[in-house]
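Undergrad: What follows is input_13.csv; its format and atoms are CSV, C-alpha atoms and all ligand atoms.
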chain,number,residue,atom,x,y,z
J,174,MET,CA,0.0,0.0,0.0
J,175,LYS,CA,1.1,3.6,-0.4
J,176,VAL,CA,2.4,5.9,2.3
J,177,ASP,CA,3.0,9.4,1.2
J,178,GLY,CA,3.2,8.3,-2.4
J,179,ASP,CA,5.7,5.4,-1.7
J,180,ALA,CA,4.6,1.8,-2.0
J,181,TYR,CA,5.3,-0.2,1.1
J,182,ARG,CA,4.9,-3.7,2.3
J,183,THR,CA,5.1,-4.3,6.1
J,184,ILE,CA,8.3,-6.3,5.9
J,185,TRP,CA,11.1,-6.3,3.3
J,186,PRO,CA,14.8,-7.3,3.0
J,187,ALA,CA,17.1,-4.3,3.5
J,188,VAL,CA,19.0,-3.1,0.4
J,189,ASP,CA,22.3,-3.9,1.9
J,190,GLY,CA,21.3,-7.5,2.3
J,191,ARG,CA,22.2,-7.6,6.0
J,192,ALA,CA,18.8,-7.1,7.7
J,193,VAL,CA,15.1,-7.1,7.2
J,194,GLU,CA,13.1,-4.0,7.7
J,195,ILE,CA,9.7,-3.4,9.2
J,196,ILE,CA,7.3,-0.6,10.0
J,197,ASP,CA,7.3,0.0,13.8
J,198,GLN,CA,3.6,-0.3,14.5
J,199,THR,CA,4.0,0.8,18.1
J,200,ARG,CA,4.8,4.3,16.7
J,201,LEU,CA,1.6,4.6,14.6
J,202,PRO,CA,-0.5,6.6,14.1
J,203,HIS,CA,1.7,9.4,15.3
J,204,SER,CA,4.9,8.6,13.4
J,205,PHE,CA,5.8,6.4,10.5
J,206,GLU,CA,9.1,4.8,11.4
J,207,THR,CA,11.0,1.8,10.0
J,208,VAL,CA,13.3,-0.5,12.0
J,209,ARG,CA,16.0,-2.9,10.9
J,210,LEU,CA,16.0,-6.4,12.3
J,211,GLU,CA,19.5,-7.9,12.3
J,212,THR,CA,19.4,-10.8,14.7
J,213,LEU,CA,17.1,-13.5,15.9
J,214,GLU,CA,16.6,-11.6,19.1
J,215,ASP,CA,15.6,-8.5,17.1
J,216,ALA,CA,12.9,-10.5,15.3
J,217,ALA,CA,11.7,-12.1,18.5
J,218,HIS,CA,11.5,-8.8,20.2
J,219,ALA,CA,9.6,-7.2,17.3
J,220,ILE,CA,7.0,-9.9,17.5
J,221,ARG,CA,6.8,-10.0,21.3
J,222,ALA,CA,6.6,-6.2,21.8
J,223,MET,CA,4.2,-5.9,18.8
J,224,LEU,CA,6.3,-3.7,16.6
J,225,VAL,CA,4.8,-6.1,14.1
J,226,ARG,CA,1.5,-7.8,14.8
J,227,GLY,CA,-1.4,-9.4,13.0
J,228,ALA,CA,-1.3,-13.2,12.4
J,229,PRO,CA,0.1,-13.3,8.8
J,230,LEU,CA,2.8,-10.6,9.5
J,231,ILE,CA,4.1,-12.3,12.7
J,232,GLY,CA,4.4,-15.5,10.6
J,233,ALA,CA,6.4,-13.6,7.9
J,234,THR,CA,8.6,-12.0,10.5
J,235,ALA,CA,9.3,-15.3,12.2
J,236,ALA,CA,10.3,-16.7,8.8
J,237,TYR,CA,12.9,-14.0,8.3
J,238,GLY,CA,13.9,-14.4,12.0
J,239,LEU,CA,15.0,-17.9,11.1
J,240,TRP,CA,17.1,-16.5,8.3
J,241,LEU,CA,18.7,-14.0,10.7
J,242,ALA,CA,19.5,-16.8,13.2
J,243,LEU,CA,20.9,-19.2,10.6
J,244,ARG,CA,23.0,-16.5,9.0
J,245,ALA,CA,24.9,-16.3,12.3
J,246,ASP,CA,25.0,-20.0,13.0
J,247,ALA,CA,23.4,-22.7,10.8
J,248,SER,CA,23.8,-25.6,13.2
J,249,ASP,CA,21.0,-28.0,14.2
J,250,ALA,CA,21.3,-26.6,17.7
J,251,MET,CA,20.7,-23.1,16.5
J,252,LEU,CA,17.8,-24.1,14.2
J,253,ALA,CA,16.1,-25.8,17.2
J,254,ARG,CA,16.7,-22.8,19.5
J,255,ALA,CA,15.6,-20.3,16.9
J,256,CYS,CA,12.3,-22.2,16.2
J,257,GLU,CA,11.6,-22.5,19.9
J,258,THR,CA,12.4,-18.8,20.6
J,259,LEU,CA,10.2,-17.6,17.8
J,260,VAL,CA,7.2,-19.9,18.5
J,261,ALA,CA,7.3,-18.8,22.2
J,262,THR,CA,6.9,-15.1,21.3
J,263,ARG,CA,3.1,-15.1,21.0
J,264,PRO,CA,0.9,-18.2,21.5
J,265,THR,CA,-2.4,-17.6,19.8
J,266,ALA,CA,-1.9,-16.9,16.1
J,267,ILE,CA,-1.2,-20.2,14.3
J,268,ASN,CA,0.5,-18.5,11.3
J,269,LEU,CA,3.6,-18.0,13.5
J,270,LYS,CA,4.0,-21.7,14.2
J,271,TRP,CA,3.0,-22.5,10.6
J,272,ALA,CA,5.7,-20.3,9.1
J,273,VAL,CA,8.4,-21.5,11.5
J,274,GLU,CA,7.6,-25.2,10.7
J,275,ASP,CA,7.5,-24.4,7.0
J,276,VAL,CA,11.0,-22.8,7.0
J,277,ARG,CA,12.3,-25.5,9.4
J,278,ALA,CA,11.1,-28.2,7.0
J,279,THR,CA,12.8,-26.4,4.1
J,280,VAL,CA,16.2,-26.0,5.7
J,281,ALA,CA,16.6,-28.9,8.0
J,282,PRO,CA,17.5,-31.5,5.3
J,283,LEU,CA,20.1,-29.1,3.8
J,284,PRO,CA,23.9,-28.9,4.5
J,285,GLU,CA,24.6,-26.1,7.0
J,286,GLY,CA,26.3,-24.0,4.3
J,287,GLU,CA,23.0,-23.8,2.3
J,288,ARG,CA,20.6,-23.2,5.1
J,289,ALA,CA,20.6,-19.4,5.5
J,290,ALA,CA,20.1,-18.8,1.8
J,291,ALA,CA,17.3,-21.3,1.7
J,292,ALA,CA,15.6,-19.7,4.7
J,293,PHE,CA,15.9,-16.3,3.1
J,294,ARG,CA,14.3,-17.5,-0.2
J,295,ARG,CA,11.5,-19.3,1.6
J,296,ALA,CA,10.7,-16.3,3.8
J,297,GLY,CA,10.5,-14.2,0.6
J,298,GLU,CA,8.1,-16.7,-0.9
J,299,ILE,CA,6.0,-16.7,2.2
J,300,CYS,CA,5.7,-13.0,1.9
J,301,ASP,CA,4.8,-13.1,-1.8
J,302,GLU,CA,2.3,-15.8,-1.2
J,303,ASP,CA,0.7,-13.8,1.6
J,304,VAL,CA,0.2,-10.9,-0.7
J,305,GLU,CA,-1.4,-13.1,-3.4
J,306,ILE,CA,-3.7,-14.8,-0.9
J,307,ASN,CA,-4.9,-11.5,0.6
J,308,GLU,CA,-5.6,-10.1,-2.9
J,309,ALA,CA,-7.7,-13.1,-3.6
J,310,ILE,CA,-9.5,-12.7,-0.2
J,311,GLY,CA,-10.2,-9.2,-1.3
J,312,ARG,CA,-11.8,-10.3,-4.6
J,313,HIS,CA,-14.0,-12.9,-2.9
J,314,GLY,CA,-15.1,-10.5,-0.1
J,315,LEU,CA,-15.8,-7.8,-2.7
J,316,ASP,CA,-18.6,-10.0,-4.1
J,317,LEU,CA,-20.2,-9.9,-0.6
J,318,ILE,CA,-20.0,-6.1,-0.4
J,319,ARG,CA,-21.3,-5.8,-4.0
J,320,GLU,CA,-24.2,-7.9,-3.0
J,321,ALA,CA,-24.9,-5.8,0.1
J,322,HIS,CA,-24.7,-2.7,-2.0
J,323,ARG,CA,-27.2,-4.1,-4.5
J,324,ALA,CA,-29.5,-5.0,-1.6
J,325,LYS,CA,-29.4,-1.5,-0.3
J,326,ASP,CA,-30.7,-0.3,-3.6
J,327,GLY,CA,-29.1,3.1,-3.5
J,328,ARG,CA,-29.9,3.8,0.2
J,329,GLY,CA,-26.5,5.1,1.3
J,330,PRO,CA,-23.1,3.4,1.6
J,331,VAL,CA,-22.6,-0.2,2.7
J,332,ASN,CA,-21.9,0.2,6.5
J,333,ILE,CA,-19.3,-2.2,7.7
J,334,LEU,CA,-18.1,-2.8,11.2
J,335,THR,CA,-14.6,-4.2,11.9
J,336,HIS,CA,-12.7,-5.0,15.0
J,337,CYS,CA,-9.0,-4.7,15.7
J,338,ASN,CA,-6.7,-4.3,12.6
J,339,ALA,CA,-6.9,-6.9,9.9
J,340,GLY,CA,-5.7,-4.5,7.2
J,341,TRP,CA,-2.4,-4.3,5.3
J,342,LEU,CA,-0.5,-3.6,8.5
J,343,ALA,CA,-1.5,-7.0,9.9
J,344,THR,CA,-0.3,-8.8,6.8
J,345,VAL,CA,2.5,-8.3,4.3
J,346,ASP,CA,0.1,-6.3,2.1
J,347,TRP,CA,-3.7,-5.8,1.4
J,348,GLY,CA,-4.9,-7.2,4.7
J,349,THR,CA,-7.6,-9.8,5.2
J,350,ALA,CA,-10.8,-8.1,6.5
J,351,LEU,CA,-9.9,-4.8,4.9
J,352,ALA,CA,-8.9,-6.1,1.5
J,353,PRO,CA,-12.5,-6.4,0.3
J,354,ILE,CA,-13.2,-2.9,1.7
J,355,TYR,CA,-10.2,-1.4,-0.3
J,356,LYS,CA,-11.4,-3.2,-3.4
J,357,ALA,CA,-15.0,-2.0,-3.0
J,358,HIS,CA,-13.8,1.6,-2.4
J,359,ASP,CA,-11.4,1.5,-5.4
J,360,GLU,CA,-14.2,0.2,-7.6
J,361,GLY,CA,-16.5,3.1,-6.6
J,362,ILE,CA,-18.9,1.2,-4.3
J,363,PRO,CA,-19.7,3.5,-1.5
J,364,VAL,CA,-18.5,2.0,1.8
J,365,PHE,CA,-18.4,3.4,5.3
J,366,VAL,CA,-16.5,1.7,8.1
J,367,TRP,CA,-17.3,1.7,11.9
J,368,VAL,CA,-13.9,1.1,13.4
J,369,ASP,CA,-13.8,-0.5,16.9
J,370,GLU,CA,-11.1,1.2,18.9
J,371,THR,CA,-10.0,-2.2,20.2
J,372,ARG,CA,-8.8,-1.7,23.7
J,373,PRO,CA,-6.3,-2.2,25.2
J,374,ARG,CA,-3.8,-1.7,22.4
J,375,ASN,CA,-6.1,0.3,20.2
J,376,GLN,CA,-5.3,-1.4,16.9
J,377,GLY,CA,-8.6,-0.1,15.5
J,378,ALA,CA,-8.2,3.5,16.7
J,379,GLY,CA,-4.5,3.7,15.9
J,380,LEU,CA,-3.9,1.4,12.9
J,381,THR,CA,-7.2,0.6,11.1
J,382,ALA,CA,-8.3,4.3,11.2
J,383,TRP,CA,-4.8,5.3,10.0
J,384,GLU,CA,-4.9,2.8,7.1
J,385,LEU,CA,-8.5,3.7,6.0
J,386,GLY,CA,-7.7,7.4,6.3
J,387,ARG,CA,-4.6,7.1,4.0
J,388,HIS,CA,-6.7,5.2,1.5
J,389,GLY,CA,-9.6,7.7,1.6
J,390,VAL,CA,-12.1,5.3,2.9
J,391,PRO,CA,-14.8,7.0,5.0
J,392,HIS,CA,-14.9,5.8,8.6
J,393,LYS,CA,-15.5,6.6,12.2
J,394,VAL,CA,-13.8,5.2,15.3
J,395,VAL,CA,-16.2,4.1,18.0
J,396,VAL,CA,-15.6,2.7,21.5
J,397,ASP,CA,-15.6,-1.1,21.6
J,398,ASN,CA,-19.0,-1.3,23.2
J,399,ALA,CA,-20.8,0.8,20.5
J,400,GLY,CA,-21.3,-2.1,18.1
J,401,GLY,CA,-24.5,-3.3,19.9
J,402,LEU,CA,-26.1,0.1,19.7
J,403,LEU,CA,-25.2,0.6,16.1
J,404,MET,CA,-26.5,-2.9,15.1
J,405,ARG,CA,-29.8,-2.3,16.9
J,406,ARG,CA,-30.2,0.9,15.1
J,407,GLY,CA,-29.7,-0.7,11.7
J,408,GLU,CA,-26.5,1.2,11.1
J,409,VAL,CA,-24.4,-1.9,10.3
J,410,ASP,CA,-25.0,-3.8,7.1
J,411,LEU,CA,-22.3,-6.4,7.7
J,412,CYS,CA,-19.4,-7.1,10.1
J,413,ILE,CA,-16.0,-8.4,8.9
J,414,THR,CA,-13.0,-9.3,11.0
J,415,GLY,CA,-9.8,-11.2,10.7
J,416,THR,CA,-8.7,-14.2,12.8
J,417,ASP,CA,-5.6,-15.4,14.5
J,418,ARG,CA,-6.6,-19.0,14.4
J,419,THR,CA,-9.6,-20.8,13.0
J,420,THR,CA,-10.2,-24.4,13.8
J,421,ALA,CA,-10.9,-27.2,11.3
J,422,ALA,CA,-14.5,-26.9,12.3
J,423,GLY,CA,-14.7,-23.2,11.8
J,424,ASP,CA,-14.5,-21.8,15.4
J,425,VAL,CA,-12.8,-18.4,15.1
J,426,CYS,CA,-10.3,-17.0,17.5
J,427,ASN,CA,-9.7,-13.3,17.1
J,428,LYS,CA,-8.9,-10.1,19.1
J,429,ILE,CA,-10.7,-9.9,22.4
J,430,GLY,CA,-14.2,-8.5,21.9
J,431,THR,CA,-14.9,-10.2,18.6
J,432,TYR,CA,-17.2,-12.7,20.2
J,433,LEU,CA,-19.4,-10.0,21.6
J,434,LYS,CA,-19.7,-8.4,18.2
J,435,ALA,CA,-20.7,-11.7,16.7
J,436,LEU,CA,-23.4,-12.2,19.4
J,437,ALA,CA,-24.8,-8.7,18.7
J,438,ALA,CA,-24.7,-9.4,15.0
J,439,HIS,CA,-26.5,-12.7,15.4
J,440,ASP,CA,-29.2,-11.0,17.6
J,441,ASN,CA,-29.8,-8.3,15.0
J,442,GLY,CA,-29.6,-10.4,11.8
J,443,VAL,CA,-26.4,-8.7,10.7
J,444,PRO,CA,-24.1,-11.0,8.6
J,445,PHE,CA,-20.8,-11.7,10.4
J,446,TYR,CA,-18.0,-12.5,8.1
J,447,VAL,CA,-14.4,-13.6,8.9
J,448,ALA,CA,-11.7,-13.2,6.4
J,449,LEU,CA,-8.7,-15.6,6.6
J,450,PRO,CA,-5.8,-17.0,4.7
J,451,GLY,CA,-5.3,-20.8,4.5
J,452,PRO,CA,-2.3,-20.7,6.9
J,453,THR,CA,-4.6,-19.3,9.7
J,454,ILE,CA,-6.5,-22.6,9.8
J,455,ASP,CA,-5.4,-25.0,12.5
J,456,TRP,CA,-6.2,-28.3,11.0
J,457,SER,CA,-5.2,-30.2,14.2
J,458,ILE,CA,-8.1,-29.0,16.3
J,459,GLU,CA,-11.9,-28.6,15.9
J,460,ASP,CA,-12.9,-27.0,19.2
J,461,GLY,CA,-11.9,-23.4,19.6
J,462,GLU,CA,-11.7,-23.8,23.4
J,463,GLN,CA,-8.4,-25.6,22.8
J,464,ILE,CA,-6.7,-22.5,21.4
J,465,PRO,CA,-4.3,-20.9,23.9
J,466,ILE,CA,-5.4,-17.4,24.7
J,467,GLU,CA,-2.5,-14.9,25.1
J,468,GLU,CA,-2.5,-12.9,28.3
J,469,ARG,CA,-0.4,-9.8,28.1
J,470,ASP,CA,1.0,-7.3,30.6
J,471,GLY,CA,-1.6,-5.8,32.8
J,472,ARG,CA,-0.1,-2.3,32.2
J,473,GLU,CA,-1.8,-2.4,28.8
J,474,VAL,CA,-5.1,-2.3,30.7
J,475,SER,CA,-4.2,0.0,33.6
J,476,HIS,CA,-2.6,2.6,31.4
J,477,ILE,CA,-3.7,4.2,28.2
J,478,PRO,CA,-0.8,5.3,25.9
J,479,GLY,CA,-1.0,8.3,23.7
J,480,ARG,CA,0.8,11.4,22.5
J,481,THR,CA,0.4,14.9,23.9
J,482,ASP,CA,-0.5,17.7,21.6
J,483,ASP,CA,3.0,18.9,21.9
J,484,GLY,CA,4.4,15.6,20.6
J,485,HIS,CA,5.4,13.7,23.7
J,486,ASP,CA,4.6,10.0,24.2
J,487,THR,CA,2.8,9.4,27.4
J,488,ALA,CA,0.7,6.7,29.2
J,489,VAL,CA,-2.1,7.7,31.6
J,490,ARG,CA,-3.2,5.4,34.4
J,491,VAL,CA,-6.9,4.8,34.4
J,492,THR,CA,-7.3,2.2,37.2
J,493,PRO,CA,-6.7,2.6,40.9
J,494,GLU,CA,-3.1,1.5,41.8
J,495,SER,CA,-4.6,-1.0,44.2
J,496,SER,CA,-6.8,-2.8,41.6
J,497,ALA,CA,-5.5,-5.9,39.9
J,498,VAL,CA,-6.1,-6.2,36.2
J,499,ALA,CA,-6.4,-9.0,33.7
J,500,ASN,CA,-5.5,-8.7,30.0
J,501,PHE,CA,-6.8,-11.4,27.7
J,502,GLY,CA,-5.7,-10.8,24.1
J,503,PHE,CA,-8.2,-12.9,22.2
J,504,ASP,CA,-11.6,-14.7,22.4
J,505,VAL,CA,-13.3,-17.5,20.5
J,506,THR,CA,-16.4,-17.0,18.4
J,507,PRO,CA,-18.1,-20.4,17.8
J,508,ALA,CA,-18.7,-21.3,14.2
J,509,ARG,CA,-22.5,-21.1,14.6
J,510,LEU,CA,-22.2,-17.3,15.0
J,511,VAL,CA,-20.1,-16.9,11.8
J,512,THR,CA,-22.2,-16.3,8.6
J,513,ALA,CA,-19.3,-17.2,6.3
J,514,LEU,CA,-15.5,-17.5,6.1
J,515,VAL,CA,-13.9,-15.5,3.3
J,516,THR,CA,-10.8,-17.3,2.1
J,517,GLU,CA,-8.4,-17.0,-0.8
J,518,ARG,CA,-10.2,-20.0,-2.4
J,519,GLY,CA,-13.7,-18.6,-2.0
J,520,VAL,CA,-16.4,-18.1,0.5
J,521,CYS,CA,-17.7,-21.0,2.6
J,522,THR,CA,-19.8,-21.7,5.7
J,523,ALA,CA,-17.8,-22.0,9.0
J,524,SER,CA,-18.0,-25.8,9.1
J,525,LYS,CA,-15.7,-28.8,8.9
J,526,ASP,CA,-17.3,-30.0,5.7
J,527,SER,CA,-17.1,-26.7,3.9
J,528,LEU,CA,-13.5,-26.1,4.9
J,529,ARG,CA,-12.5,-29.6,3.8
J,530,ALA,CA,-14.2,-29.0,0.5
J,531,LEU,CA,-12.2,-25.9,-0.1
J,532,TYR,CA,-8.9,-27.4,1.2
J,533,PRO,CA,-9.2,-31.0,0.1
J,534,GLU,CA,-5.5,-31.5,0.8
J,535,HIS,CA,-6.4,-31.3,4.5
J,536,ALA,CA,-9.4,-33.6,4.3
J,537,THR,CA,-7.8,-36.2,6.6
J,538,ALA,CA,-6.8,-33.8,9.3
J,539,ALA,CA,-8.2,-33.6,12.9
J,601,LIG,O1,-2.8,-8.7,18.9
J,601,LIG,P1,-2.7,-8.4,17.4
J,601,LIG,O2,-2.8,-7.0,17.0
J,601,LIG,O3,-1.6,-9.2,16.7
J,601,LIG,O4,-4.1,-9.1,16.9
J,601,LIG,C1,-4.4,-9.1,15.6
J,601,LIG,C2,-5.8,-9.6,15.3
J,601,LIG,O5,-6.5,-9.9,16.2
J,601,LIG,C3,-6.2,-9.6,13.9
J,601,LIG,O6,-7.6,-9.5,13.7
J,601,LIG,C4,-5.8,-11.0,13.3
J,601,LIG,O7,-4.4,-11.2,13.5
J,601,LIG,C5,-6.0,-11.1,11.9
J,601,LIG,S1,-4.9,-10.1,10.9
J,601,LIG,C6,-5.1,-10.3,9.3
Starting from the file, lay out its structure as structure tokens.

TA:
Amino acid sequence: MKVDGDAYRTIWPAVDGRAVEIIDQTRLPHSFETVRLETLEDAAHAIRAMLVRGAPLIGATAAYGLWLALRADASDAMLARACETLVATRPTAINLKWAVEDVRATVAPLPEGERAAAAFRRAGEICDEDVEINEAIGRHGLDLIREAHRAKDGRGPVNILTHCNAGWLATVDWGTALAPIYKAHDEGIPVFVWVDETRPRNQGAGLTAWELGRHGVPHKVVVDNAGGLLMRRGEVDLCITGTDRTTAAGDVCNKIGTYLKALAAHDNGVPFYVALPGPTIDWSIEDGEQIPIEERDGREVSHIPGRTDDGHDTAVRVTPESSAVANFGFDVTPARLVTALVTERGVCTASKDSLRALYPEHATAA
């Protein structure tokens, strides 16, 4: 996507060939800054501290993280340590484990002298594949928005509610949930997006709003609890979110608060779509309750970060010092509340049979 006229992906090899570069998402929306990752630890830190985030992007970063590790030491011991370190950074998004396993399987059979170059090549392919996948999700999701637009028969824009950030910043490019919105907007279909702020890290307020604004897509940021009111008032035509891990039976794990939006959508007859690339499907489990839910530092709840009008970063405490806090990163929306899954291979119901029909190579899984 374009930032101030320049085309960016969220991760790319540095021109000097000695690092991989990323956009530091902890600095957005206030400043656009890029960071070089030169070591395994740099990559692990970028994922853990959420300089990069979003399921597909943390997978891509981990893939390059293996290259950085193997470049320094291509032994079996380092390969094992690097895989373990990267997988331990964040537990919920399956793309991370998928990418690490993929690169490991590529390099493990090779002589040590060839491993780093092979990891670098495979990481690049994973990035290119992610872009292609998300573009295809965009095309399939566009059909749903087109249909919603036809159904409105000229009565205003298609009003879409999204949660967290599943835009290009969460992937290598395009995004998942936002890809159909970008395509619809580019095609001249009037769309309007309700952006959930997504406490505690504000990926909606800080990242989705920033992305949509740069692309010229009309939107408004609302507090996380506004969705119910908007749906009851008929001000949401459809919801679309991303996911960090979807089970083989279609249970959807995504940013905390997604489930409540799906419940409200169900109660109000609003379609609830989830956009996902194939690598986000965990074929080894069917029940979403088996997905590990990340719990992060309580400071993300007790303090709200921001920037003062004179440009200083700050964090304001909003809880009494004596109150304990809990910080759950994700929740699970059962398949029965999901109207359809939008994948790179097409749209399907959130069910084991439909998923297996779209991905027959996994028909024997789980
Ligand atoms: O904690 P985050 O910001 O990594 O969470 C991201 C999400 O929940 C996204 O919705 C999900 O990764 C899908 S991204 C295409």

Undergrad: Within 6 Å of ligand LIG 601 (chain J), counting all atoms listed in the file: which residues, as a PyMOL selection string?

TA: chain J and resi 226-228+337-339+343-344+348-349+415-417+427-428

Undergrad: Counting only C-alpha atoms, give me one row per residue of range 419-534 of chain J with an atom at most 10 Å from an atom of range 387-410 of chain J, showing the shortest contact pair and its distance in Å to one decimal, sorted by chain then residue number, as CSV.

TA:
residue,atom,partner,partner_atom,distance
J:Gly430,CA,J:Asp397,CA,7.5
J:Thr431,CA,J:Asp397,CA,9.6
J:Leu433,CA,J:Gly401,CA,8.6
J:Lys434,CA,J:Gly400,CA,6.5
J:Ala435,CA,J:Gly400,CA,9.7
J:Leu436,CA,J:Gly401,CA,9.0
J:Ala437,CA,J:Gly401,CA,5.5
J:Ala438,CA,J:Met404,CA,6.7
J:His439,CA,J:Met404,CA,9.8
J:Asp440,CA,J:Arg405,CA,8.7
J:Asn441,CA,J:Arg405,CA,6.3
J:Gly442,CA,J:Met404,CA,8.8
J:Val443,CA,J:Asp410,CA,6.2
J:Pro444,CA,J:Asp410,CA,7.4
J:Phe445,CA,J:Asp410,CA,9.5

Undergrad: Determine, counting all atoms listed in the file, which protein, DNA and RNA residues have an atom within 10 Å of an atom of Gly232 in chain J; residues of the same chain fewer than 5 positions away are not included. Present the result as a list in words.

TA: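 So the residues in contact are Ile220, Arg226, Gly227, Tyr237, Gly238, Leu259, Val260, Ala266, Ile267, Asn268, Leu269, Lys270, Trp271, Ala272, Val273, Ala296, Ile299, Cys300, Asp303, Thr344, Val345, Pro452 and Thr453 of chain J.
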
Undergrad: In Å, how far is it from CA of Thr207 in chain J to CA of Glu384 in chain J?

TA: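 If I compute the distance from CA of Thr207 in chain J to CA of Glu384 in chain J, I get 16.2 Å.
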
Undergrad: Could you pull the residues within 12 Å of Asp359 in chain J, counting only C-alpha atoms, minus those fewer than 5 positions along the same chain, as a ChimeraX atom specification?

TA: /J:311-312,315,352-354,364,385,388-390

Undergrad: State, in Å with one decimal place, the distance from CA of Ala291 in chain J to CA of Pro450 in chain J.

TA: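 Distance reported for this atom pair: 23.7 Å.
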
Undergrad: Give me, please, the distance in Å between CA of Ile477 in chain J and CA of Arg490 in chain J, quoted to one decimal.

TA: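 Pair CA of Ile477 in chain J / CA of Arg490 in chain J returns 6.3 Å.
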
Undergrad: Distance cut-off 8 Å, centre (-12.3, -25.6, -3.1) in file coordinates, counting all atoms listed in the file: which residues qualify? Return them as a PyMOL selection string.

TA: chain J and resi 518-519+529-533

Undergrad: Have a look at J:Ala382, J:Leu510, J:Ala292, J:Val225 and name the one nearest to Ala523 in chain J; count only C-alpha atoms.

TA: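 Result for the nearest residue to Ala523 in chain J: J:Leu510.
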
Undergrad: So, with all atoms listed in the file as the atoms that count, which of J:Thr487, J:Arg182, J:Thr265, J:Arg295 lies closest to Glu462 in chain J?

TA: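 Using all atoms listed in the file, Glu462 in chain J sits closest to J:Thr265.
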
Undergrad: Restricting the calculation to all atoms listed in the file: of J:Glu320, J:Glu517, J:Glu360, J:Glu467, which residue gets closest to Asp504 in chain J?

TA: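 Among the listed residues, J:Glu467 lies closest to Asp504 in chain J.
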
Undergrad: Find the residue from J:Ile362, J:Ala216, J:Leu239, J:Val505 that sits nearest to Ile429 in chain J; use all atoms listed in the file when measuring.

TA: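 So, comparing all the options, the nearest one is J:Val505.
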